[in-house]
Amino acid sequence: MQNSITNIFSNQRGGDAAARRVWDFDGRPARRLVWLYGLMLLPLFVVIGRVVHLQVFLPEAFAERWEWTTETFEPISSREGRILSADGTVLAYDTVHFGIWVHYRWLEDPANPIWLRRKALALLDRKDRRNREKIELAEHQVLAERAAMWQRLTEVADMSASEFEIRRQRIQDRVERIVANVERRRKEKKREEETASQQPGLPEQASWWQIAWHRAKTAVTTPPRRGTEDPLVLPEQQDYYELIENVPLAVAAEIESRTRQFPGLLVRTATDRMYPEHSLAAHVVGARTRLDVKEWKQRQAQFPEGDPLDYQEGERIGSSGVERSYDQQIRGLRGQRRIVKDRRGEVISSEIVRQPRAGEDVTLTINVPLQRKLDEILEVAINSPPKEEAPKEPDGEEAPPAPPAPPAPRIPAGGSIVVLDVHSGDVVAAVSAPGFDLNLLNHPDPAKWQQVAADPRRPFFPRATRMTLPPGSVFKPLSAIALLESGKVDPDAAIECHGYLGTNPNHFRCYHSLSHGPTTLSDALCRSCNVYFFTAADQIGPEGLVDWARRFGFGQPTGIDLPGEQAGNLPSPPSQSAEPGTRQKPWYSGDTRGLAIGQSQLTVTPIQIVRLLATIANDGYLVTPRVVHDYGTPLHESSGNDPSQHGKANRVFGLSNGSLERVREGLVKVVADPRGTGYKTVRMKEIAIAGKTGTAETGGGRPDHAWFAGYVPADSPRYAFVVVLEYAGSGGKTAGPVAHDTVRALLDQGLLETTQLTRREE
């Protein structure tokens, strides 16, 4: 400063004085102002530089941040493998459907103002975005483009303008109802909040100073409310909706290849399972149904490390039949599509990153013409009332009439026919009736579904593998083998039959108390003599019967490649090796006698009985039935149902050829001998048939189950077959004609060669 104290004795050398003059601001006020302004402007230049940098060099980065995108991966449905019959008939296949989906903003009418302004601004450069007239022109251009796009779409999809308007309006009405409900709930919530915030916590008789204090406190502590609320935008307004379904491939391809001409549109694919033969072999083919939430969670729990088939909720999964057994082979590998959307949900780009792969085809052993014919035969049989006739004496005279029985209640009946190749185990036909249309499970018709679901005969029940019934006399061939192998029964020694065992004619009697007189083993099979088997069973005891039943696979599944096969029930006498103190069910002599004629607690499935006859026909080899002949290279790990493992046969342990010869002799006489129970209803002149009738008592005053099981040709067996009719009465009178028609169908389809019977056989 000019008035500062100066030391007169200080050194006044020239160099120091010059330095002081340079930094001497006290004497030069202008210099001080320059430096002051410079220091003030320096931060301002930094701010200006940053603003220029943001406005000139970084606007695109900010725009990209504002127009952020999301990347998602959408699954592409794959086609499941086909199911083919042995003759190449397609029994199940997938159809591919293409649907056109549209973004909601593109179909909304009138157009949303915010969406329309955004689309218009995207057409203009930065300078023109401030010109109101150009913005309005751009909005008209967007609307014109949208109208032209709708016009092109209706022409390509061959849809009228009125139909398009109806579909568009239906979607918009649904979304607007959702928006209106949300707005209504938001207003109600706002009113509730305003009411609650007026005088919360104040007593009803608050004084003036309490009210004043509350208002002051509220003004200080409560944040101010916004004057206007943000517009309501729901996810439903940013989503795509299916506008047209099941469009041809050409239409889908044109829209996919011309995305600029069809903005706001998206083509999505879906598959549908079809069963062109409807109810034919429905219980064998099975169905694929949607995987619901509960089933999906069960799979997640079953495979904690990840589902090997990568099933998602809502996808189709095999639920029955071959569709379920070979699900791992039939199931395809879904594809994957990469979709990029903007923040408003519109698709910017779409790219397939993994192509879908179709599942493998499965070829069945089923012969479609034979299956169709047997379907017709069985449907007629179960829908026709059984005709009971008076029993005949061996000489053809009528037997004395039995005492009248109370009328049995009418019980809905079902039935099954199974035809099995005795050497390979191939199931060439498996019919269960009543049946159902497989397409009902994926495309249910309310009226038809109600009719099928209310049918007490259980149309969905696969009787060939899951119906367990007492077999009655069709079990006697197994009992005959057990008697012969025991060595305690001479097959040529006759046992006297008076129509009942012992002295009580009401217990342990033959059917209708027929007296067969002196009866050998072959005669007992031919005429189905219960007394013979009662007497022989008493001689060998229950252990031999149960042991041989186990060797022939009774009481356990056959291993057929169909899901849910039942094992039936093979009763066993108390074990002598049981632990002391273990409570066991008592076994009586009547249990042994009942088991010998296929009654007692014994239950079997049709597939078990037909395998029994196949084993007798093929010299004692127990085959494993199969319905799948082959399939392509599996996409996934083996399901354990390898067709190469089916059809293999092991000879029944300890079974002698001599026993089989004697049993086959009796089975031939059942049909060929005039006294045989199948002579009048099963016998054919064109071919020799061997088999056994069966009439299984059901109890409770209900009609008996009717059986017939056999094989053809009798002299050179090729096919074994079984017929079972629930609650149909006598096996010879009701199942016999069906068995006759079954063999006739085998002949008509060329699966058997006719051989004229000799005079002796006639």
# chains A, B, ... in the order shown; residues from 1 in each chain; ligands from 1
>>> select_by_dssp(residues="segment 438-633 of chain A", states="strand (DSSP E or B)", output="compact mmCIF listing (two decimals) with C-alpha atoms, in the first residue's frame")
# COMPACT_ATOMS: atom_id res chain seq x y z
CA LEU A 469 -59.68 -109.10 -12.84
CA ILE A 495 -61.42 -138.25 -11.93
CA GLU A 496 -65.14 -138.69 -11.47
CA CYS A 497 -67.11 -135.43 -11.74
CA TYR A 500 -69.70 -130.69 -7.57
CA ARG A 509 -69.20 -127.07 -8.22
CA GLY A 517 -68.35 -137.96 -15.44
CA PRO A 518 -64.88 -139.58 -15.71
CA THR A 519 -62.52 -136.75 -16.67
CA ASN A 569 -52.39 -110.07 -7.18
CA THR A 603 -56.27 -111.05 -10.19
CA VAL A 604 -54.48 -110.68 -13.50
CA TYR A 621 -40.25 -119.03 -23.66
CA LEU A 622 -41.52 -116.11 -21.56
CA VAL A 623 -41.41 -113.10 -23.88
CA ARG A 626 -43.43 -104.48 -26.50
CA VAL A 628 -42.43 -99.89 -29.82
CA HIS A 629 -40.44 -101.50 -32.58
CA ASP A 630 -37.85 -98.82 -33.19
CA TYR A 631 -36.99 -95.16 -32.86
>>> closest_residue(among="A:Phe262, A:Trp449, A:Phe460, A:Trp115", to="Arg152 of chain A", atoms="only C-alpha atoms")
A:Phe262
>>> select_by_dssp(residues="segment 251-482 of chain A", states="helix (DSSP H, G or I)", output="PyMOL selection string")
chain A and resi 251-257+259-261+282-285+293-302+321-325+327-330+368-382+438-441+446-453+463-466+472-482
>>> closest_residue(among="A:Pro43, A:Pro434, A:Gly335, A:Gly700", to="Asp375 of chain A", atoms="only C-alpha atoms")
A:Pro434
>>> atom_distance(atom1="atom CA of Glu485 of chain A", atom2="atom CA of His516 of chain A")
24.5 Å
>>> closest_residue(among="A:Gly487, A:Gly99, A:Pro471, A:Pro263", to="Pro606 of chain A", atoms="only C-alpha atoms")
A:Pro471
>>> atom_distance(atom1="atom CA of Pro713 of chain A", atom2="atom CA of Ala688 of chain A")
5.5 Å
>>> residues_around(residues="Pro625 of chain A", least_positions_apart="6", cutoff="9 Å", atoms="only C-alpha atoms", output="list in words")
Leu420, Asp421, Ser424, Gly425, Asp426, Val427, Thr558, Gly559, Ile560, Asp561, Ile607, Arg611, His646, Gly647 and Lys648 of chain A
>>> residues_around(residues="Ala453 of chain A", least_positions_apart="2", cutoff="12 Å", atoms="only C-alpha atoms", output="ChimeraX atom specification")
/A:434-437,440-441,444-451,455-461
>>> closest_residue(among="A:Cys510, A:Leu570, A:Ala429, A:Met159", to="Arg550 of chain A", atoms="only C-alpha atoms")
A:Leu570
>>> residues_around(residues="Asn442 of chain A", least_positions_apart="5", cutoff="10 Å", atoms="only C-alpha atoms", output="VMD selection string")
chain A and resid 272 to 275 287 to 290 316
>>> closest_residue(among="A:Tyr37, A:Trp208, A:Tyr326, A:Trp101", to="Glu80 of chain A", atoms="only C-alpha atoms")
A:Tyr326
>>> atom_distance(atom1="atom CA of Lys119 of chain A", atom2="atom CA of Gly264 of chain A")
11.9 Å
